[in-house]
Amino acid sequence: MPQSRQSAGAPETRRSGGAPEGSGGGRRRVLGARRAPRRILADTLVRARRHGWFLGVLAVGAALRVLAMLGYRPVLWFPDSYTYIVTVFHPRPDLVRPAGYSAFLRLLEPFHSFAVVAAAQHLLGLATGVLVYVAARRAIPWWSGRRAVSRRAATGRAGSRRAGAGRPVPPWAAALAAAPVLLDAYQVELEHLLVSDTLFTFLLVTAVVLALGGRRRAVAIGLLLAAATLTRTVGQPLIVVVAVWFVLDGRLRRAAVMLAAALIPLAAYGAWFHGTYQRTGLVGANGAFLYARTMSFADCARMDPPADLRVLCDPRPPGRRPPSQEYLWAADSPLVELPGITFTKANDDLAARFATLAIRSQPLDYAASVLSELGRTFVWGRPVYPDQEIYGYYEFPAASPPPPGRWAAQLGVDLGRRYERGPIGTEVAEPYAGWMRAYQDAARLPGTVVLVILLAPPVAGAVRVLRRRRAADGAVQVLRRGRSAGSAAGPLPPGGGPRRLPPWALPWSVAVVLLVVPPAVAEFDYRYVLPAVPLACLAAAVCARSDQP
């Protein structure tokens with residue numbers, strides 16, 4: 001008989017139906033591969049439902065930014081924009097504004113499109129909203145030990161509430177915290193302006209969010225704060241704020257590393273600035289801006305300045321003087337009338353001496369002036385300030401804005417054409433522009449609401465601390481009564497050992513400094529308020545945890 005193809009000792013590989021043995025496993029793998037996309041889609045839908053509130057807000061914010069780009073093509077211009085463009089093609093430190101934003105524009109210059117710049121800034125605005133939401137959702141209770149939290153994260157155990165495993169901020173509350181930066185019409189308009197504020201806000205919020213995290217990212221935080229400072233000099237005191245927060249939180253090494261990472265780039269930029277102008281600092285206009293600030297109250301009859309400072313006096317009474325910024329740019333300003341450009345070292349030093357004398361001679365007037373300017377932040381309405389021209393730059397226009405007026409910036413205009421490789425300006429396209437103007441009339445965050453948001457964390461924190469102390473005192477009394485009755489009781493609870501700072505303290509402190517510094521050293525401006533809003537909202541959301549003390 002012929003030998004069978006399969007030897008008797010070999011296992012049978014086919015069934016009677018002709019299918020290979022083990023084909024059931026192969027069939028399961030095929031079915032599993034077919035079902036994998038369904039599982040992924042199902043998981044995605046579950047996660048989307050979990051963050052539905054925020055995704056809805058984010059979608060509306062993205063739609064608003066698309067409308068802004070369709071309605072105002074390619075970008076809106078501000079007087080500062082031309083200076084930034086000049087620095088792109090003539091890389092050197094500017095006397096008034098640091099070069100960080102110009103470096104950002106330089107990175108996008110190969111596209112030769114201001115529409116790309118506007119799109120990038122709108123994406124940064126959306127990313128800022130995402131950061132606020134994520135940080136609010138992942139906040140860790142401030143009384144929890146970091147080691148315990150890390151151990152629970154490593155082992156996957158939830159831990160007890162006493163150990164610090166508090167419930168996260170509800171999705172709707174975190175979405176509400178992100179809503180102002182995503183939906184405020186003036187925020188959308190600011191992102192469409194060719195100015196540094198959107199980049200500054202993103203860098204600063206990113207640094208604060210990283211500082212709130214438990215991981216060691218001190219170098220990244222320092223570099224982000226340095227980049228923010230080189231974008232807007234108001235970032236300088238914020239480096240100190242974050243460093244102090246680390247120190248008070250018991251993280252001395254992290255504070256030192258963060259400071260080193262921040263100061264090295266700033267020192268390098270300062271060396272570049274010194275090599276260009278033989279002056280120390282990041283900019284050369286601090287004295288001039290402080291002089292302009294003091295002219296809202298400075299009275300030379302009370303100051304009795306020396307002869308070389310009297311040239312900066314204004315004989316008009318303070319109530320009849322123009323806004324502070326006019327003393328920097330107006331042709332009839334005593335500072336502008338001095339020989340040379342306004343921001344020479346001699347002029348800036350003279351202005352700084354005058355401002356210092358004014359503050360020393362009239363400290364109460366200076367404090368009252370700062371509080372008056374700061375109070376403009378918290379009014380319900382939006383009155384015109386400092387003048388109609390500047391105020392108008394923050395509104396979506398009904399017609400194409402004219403070329404720069406009192407800021408003669410022809411070089412910036414010419415270089416802008418080189419950047420774009422074509423004509424520059426703003427084309428107003430209806431009906432999209434009209435929709436954005438109508439939205440701006442209705443959707444903004446009133447200053448009074450900003451004040452409520454700022455007050456919420458410290459007030460709520462104080463109330464919770466008082467409640468915890470009362471509860472602790474009650475527990476102590478119960479234990480003492482138990483001891484006096486002869487019952488066995490353990491030792492009394494410790495009386496308030498060192499505690500870490502509440503997480504809302506960092507974004508809250510940064511927001512407050514952002515609001516106070518401009519009225520103290522320059523003047524109030526509506527666009528200076530907007531970078532503080534997402535941080536204030538983040539602080540309020542973190543403080544709103546049901547398990548915060």
# chains A, B, ... in the order shown; residues from 1 in each chain; ligands from 1
$ residues_around --residues "Tyr133 in chain A" --least-positions-apart "4" --cutoff "7 Å" --atoms "only C-alpha atoms" --output "PyMOL selection string"
chain A and resi 129+137+174-175+177-178
$ residues_around --residues "Leu535 in chain A" --least-positions-apart "4" --cutoff "8 Å" --atoms "only C-alpha atoms" --output "ChimeraX atom specification"
/A:132,205,507-508,510-511,531,539
$ closest_residue --among "A:Asp299, A:Val413, A:Leu338, A:Leu212" --to "Arg360 in chain A" --atoms "only C-alpha atoms"
A:Asp299
$ residues_around --residues "Arg421 in chain A" --least-positions-apart "4" --cutoff "9 Å" --atoms "only C-alpha atoms" --output "MDAnalysis selection string"
chainID A and resid 112:113 416:417
$ residues_around --residues "Thr201 in chain A" --least-positions-apart "6" --cutoff "10 Å" --atoms "only C-alpha atoms" --output "list in words"
Leu124, Gly125, Thr128, Ala207, Ala228, Thr231, Arg232, Leu530, Pro531, Ala532, Val533, Pro534 and Leu535 of chain A
$ closest_residue --among "A:Leu41, A:Arg527, A:Val60, A:Ala298" --to "Val195 in chain A" --atoms "only C-alpha atoms"
A:Arg527
$ residues_around --residues "Asp314 in chain A" --least-positions-apart "4" --cutoff "10 Å" --atoms "only C-alpha atoms" --output "list in words"
Met295, Ala298, Asp299, Cys300, Arg310, Pro318, Arg321, Tyr327, Ser333 and Pro334 of chain A
$ atom_distance --atom1 "CA of Phe396 in chain A" --atom2 "CA of Ala227 in chain A"
29.0 Å
$ residues_around --residues "Pro518 in chain A" --least-positions-apart "5" --cutoff "8 Å" --atoms "only C-alpha atoms" --output "list of chain:residue names"
A:Val234, A:Glu523, A:Phe524, A:Asp525, A:Tyr528
$ write_last_selection --atoms "N, CA, C and O atoms" --output "PDB file, in the first residue's frame"
ATOM      1  N   VAL A 234       7.258  92.438  32.539  1.00  0.00           N
ATOM      2  CA  VAL A 234       6.505  92.235  33.768  1.00  0.00           C
ATOM      3  C   VAL A 234       6.728  90.830  34.326  1.00  0.00           C
ATOM      4  O   VAL A 234       6.374  90.541  35.472  1.00  0.00           O
ATOM      5  N   GLU A 523       0.943 102.254  33.703  1.00  0.00           N
ATOM      6  CA  GLU A 523      -0.441 102.694  33.815  1.00  0.00           C
ATOM      7  C   GLU A 523      -1.350 101.508  33.544  1.00  0.00           C
ATOM      8  O   GLU A 523      -0.915 100.467  33.051  1.00  0.00           O
ATOM      9  N   PHE A 524      -2.618 101.684  33.867  1.00  0.00           N
ATOM     10  CA  PHE A 524      -3.596 100.640  33.578  1.00  0.00           C
ATOM     11  C   PHE A 524      -3.835 100.556  32.074  1.00  0.00           C
ATOM     12  O   PHE A 524      -3.885 101.560  31.373  1.00  0.00           O
ATOM     13  N   ASP A 525      -3.982  99.341  31.591  1.00  0.00           N
ATOM     14  CA  ASP A 525      -4.355  99.102  30.200  1.00  0.00           C
ATOM     15  C   ASP A 525      -5.202  97.841  30.169  1.00  0.00           C
ATOM     16  O   ASP A 525      -4.886  96.849  30.836  1.00  0.00           O
ATOM     17  N   TYR A 528      -3.524  94.516  29.627  1.00  0.00           N
ATOM     18  CA  TYR A 528      -2.689  93.991  30.703  1.00  0.00           C
ATOM     19  C   TYR A 528      -3.489  93.142  31.690  1.00  0.00           C
ATOM     20  O   TYR A 528      -2.904  92.385  32.473  1.00  0.00           O
TER      21      TYR A 528
END
$ select_by_dssp --residues "range 293-480 of chain A" --states "alpha helix (DSSP H)" --output "PyMOL selection string"
chain A and resi 293-294+300-303+326-329+345-361+363-375+388-393+410-420+432-442+447-480
$ closest_atom_pairs --of "range 259-352 of chain A" --to "range 379-386 of chain A" --cutoff "10 Å" --atoms "only C-alpha atoms" --output "tab-separated table"
residue	atom	partner	partner_atom	distance
A:Pro322	CA	A:Pro386	CA	8.8
A:Pro323	CA	A:Pro386	CA	6.0
A:Ser324	CA	A:Pro386	CA	8.3
A:Gln325	CA	A:Pro386	CA	8.0
A:Glu326	CA	A:Pro386	CA	9.4
$ residues_around --residues "range 276-292 of chain A" --least-positions-apart "4" --cutoff "7 Å" --atoms "only C-alpha atoms" --output "PyMOL selection string"
chain A and resi 94-98+269-270+272+324-325+327-328+343+348-349+351-352+354-355+521-522
$ atom_distance --atom1 "CA of Val542 in chain A" --atom2 "CA of Arg500 in chain A"
15.1 Å
$ closest_residue --among "A:Val529, A:Leu204, A:Leu312, A:Val428" --to "Leu506 in chain A" --atoms "only C-alpha atoms"
A:Leu204
$ atom_distance --atom1 "CA of Tyr391 in chain A" --atom2 "CA of Gly235 in chain A"
24.0 Å
$ closest_residue --among "A:Arg39, A:His51, A:Ala541, A:Ser509" --to "Leu238 in chain A" --atoms "only C-alpha atoms"
A:Ser509
$ decode --residues "range 104-121 of chain A" --atoms "N, CA, C and O atoms" --output "PDB file, in the first residue's frame"
ATOM      1  N   PHE A 104       9.792  84.944  18.255  1.00  0.00           N
ATOM      2  CA  PHE A 104       8.634  84.123  17.876  1.00  0.00           C
ATOM      3  C   PHE A 104       8.220  84.420  16.439  1.00  0.00           C
ATOM      4  O   PHE A 104       7.970  83.497  15.643  1.00  0.00           O
ATOM      5  N   LEU A 105       8.162  85.697  16.071  1.00  0.00           N
ATOM      6  CA  LEU A 105       7.821  86.059  14.692  1.00  0.00           C
ATOM      7  C   LEU A 105       8.885  85.564  13.721  1.00  0.00           C
ATOM      8  O   LEU A 105       8.567  85.175  12.584  1.00  0.00           O
ATOM      9  N   ARG A 106      10.122  85.606  14.153  1.00  0.00           N
ATOM     10  CA  ARG A 106      11.206  85.133  13.292  1.00  0.00           C
ATOM     11  C   ARG A 106      11.055  83.652  12.990  1.00  0.00           C
ATOM     12  O   ARG A 106      11.331  83.204  11.853  1.00  0.00           O
ATOM     13  N   LEU A 107      10.632  82.869  13.958  1.00  0.00           N
ATOM     14  CA  LEU A 107      10.434  81.436  13.726  1.00  0.00           C
ATOM     15  C   LEU A 107       9.385  81.180  12.649  1.00  0.00           C
ATOM     16  O   LEU A 107       9.470  80.190  11.914  1.00  0.00           O
ATOM     17  N   LEU A 108       8.394  82.057  12.568  1.00  0.00           N
ATOM     18  CA  LEU A 108       7.310  81.876  11.593  1.00  0.00           C
ATOM     19  C   LEU A 108       7.561  82.626  10.289  1.00  0.00           C
ATOM     20  O   LEU A 108       6.749  82.531   9.366  1.00  0.00           O
ATOM     21  N   GLU A 109       8.666  83.364  10.206  1.00  0.00           N
ATOM     22  CA  GLU A 109       8.929  84.181   9.021  1.00  0.00           C
ATOM     23  C   GLU A 109       9.048  83.376   7.731  1.00  0.00           C
ATOM     24  O   GLU A 109       8.645  83.853   6.664  1.00  0.00           O
ATOM     25  N   PRO A 110       9.590  82.127   7.741  1.00  0.00           N
ATOM     26  CA  PRO A 110       9.654  81.370   6.482  1.00  0.00           C
ATOM     27  C   PRO A 110       8.304  81.157   5.811  1.00  0.00           C
ATOM     28  O   PRO A 110       8.254  80.922   4.599  1.00  0.00           O
ATOM     29  N   PHE A 111       7.203  81.232   6.553  1.00  0.00           N
ATOM     30  CA  PHE A 111       5.876  81.080   5.938  1.00  0.00           C
ATOM     31  C   PHE A 111       5.448  82.333   5.180  1.00  0.00           C
ATOM     32  O   PHE A 111       4.515  82.275   4.368  1.00  0.00           O
ATOM     33  N   HIS A 112       6.063  83.467   5.486  1.00  0.00           N
ATOM     34  CA  HIS A 112       5.743  84.741   4.818  1.00  0.00           C
ATOM     35  C   HIS A 112       4.239  85.000   4.829  1.00  0.00           C
ATOM     36  O   HIS A 112       3.621  85.313   3.809  1.00  0.00           O
ATOM     37  N   SER A 113       3.662  84.853   6.006  1.00  0.00           N
ATOM     38  CA  SER A 113       2.214  85.025   6.124  1.00  0.00           C
ATOM     39  C   SER A 113       1.866  85.450   7.540  1.00  0.00           C
ATOM     40  O   SER A 113       2.136  84.708   8.491  1.00  0.00           O
ATOM     41  N   PHE A 114       1.271  86.633   7.671  1.00  0.00           N
ATOM     42  CA  PHE A 114       0.777  87.047   8.981  1.00  0.00           C
ATOM     43  C   PHE A 114      -0.459  86.244   9.381  1.00  0.00           C
ATOM     44  O   PHE A 114      -0.797  86.186  10.560  1.00  0.00           O
ATOM     45  N   ALA A 115      -1.117  85.620   8.410  1.00  0.00           N
ATOM     46  CA  ALA A 115      -2.234  84.733   8.752  1.00  0.00           C
ATOM     47  C   ALA A 115      -1.732  83.537   9.550  1.00  0.00           C
ATOM     48  O   ALA A 115      -2.411  83.068  10.473  1.00  0.00           O
ATOM     49  N   VAL A 116      -0.541  83.040   9.226  1.00  0.00           N
ATOM     50  CA  VAL A 116       0.039  81.941   9.993  1.00  0.00           C
ATOM     51  C   VAL A 116       0.345  82.406  11.415  1.00  0.00           C
ATOM     52  O   VAL A 116       0.140  81.660  12.386  1.00  0.00           O
ATOM     53  N   VAL A 117       0.835  83.645  11.558  1.00  0.00           N
ATOM     54  CA  VAL A 117       1.093  84.180  12.896  1.00  0.00           C
ATOM     55  C   VAL A 117      -0.200  84.239  13.698  1.00  0.00           C
ATOM     56  O   VAL A 117      -0.250  83.837  14.869  1.00  0.00           O
ATOM     57  N   ALA A 118      -1.264  84.758  13.073  1.00  0.00           N
ATOM     58  CA  ALA A 118      -2.548  84.841  13.768  1.00  0.00           C
ATOM     59  C   ALA A 118      -3.050  83.457  14.155  1.00  0.00           C
ATOM     60  O   ALA A 118      -3.543  83.248  15.275  1.00  0.00           O
ATOM     61  N   ALA A 119      -2.921  82.490  13.248  1.00  0.00           N
ATOM     62  CA  ALA A 119      -3.366  81.124  13.552  1.00  0.00           C
ATOM     63  C   ALA A 119      -2.566  80.544  14.707  1.00  0.00           C
ATOM     64  O   ALA A 119      -3.125  79.890  15.604  1.00  0.00           O
ATOM     65  N   ALA A 120      -1.254  80.784  14.714  1.00  0.00           N
ATOM     66  CA  ALA A 120      -0.422  80.271  15.806  1.00  0.00           C
ATOM     67  C   ALA A 120      -0.835  80.889  17.139  1.00  0.00           C
ATOM     68  O   ALA A 120      -0.883  80.196  18.170  1.00  0.00           O
ATOM     69  N   GLN A 121      -1.125  82.177  17.141  1.00  0.00           N
ATOM     70  CA  GLN A 121      -1.537  82.824  18.388  1.00  0.00           C
ATOM     71  C   GLN A 121      -2.893  82.323  18.851  1.00  0.00           C
ATOM     72  O   GLN A 121      -3.120  82.155  20.061  1.00  0.00           O
TER      73      GLN A 121
END
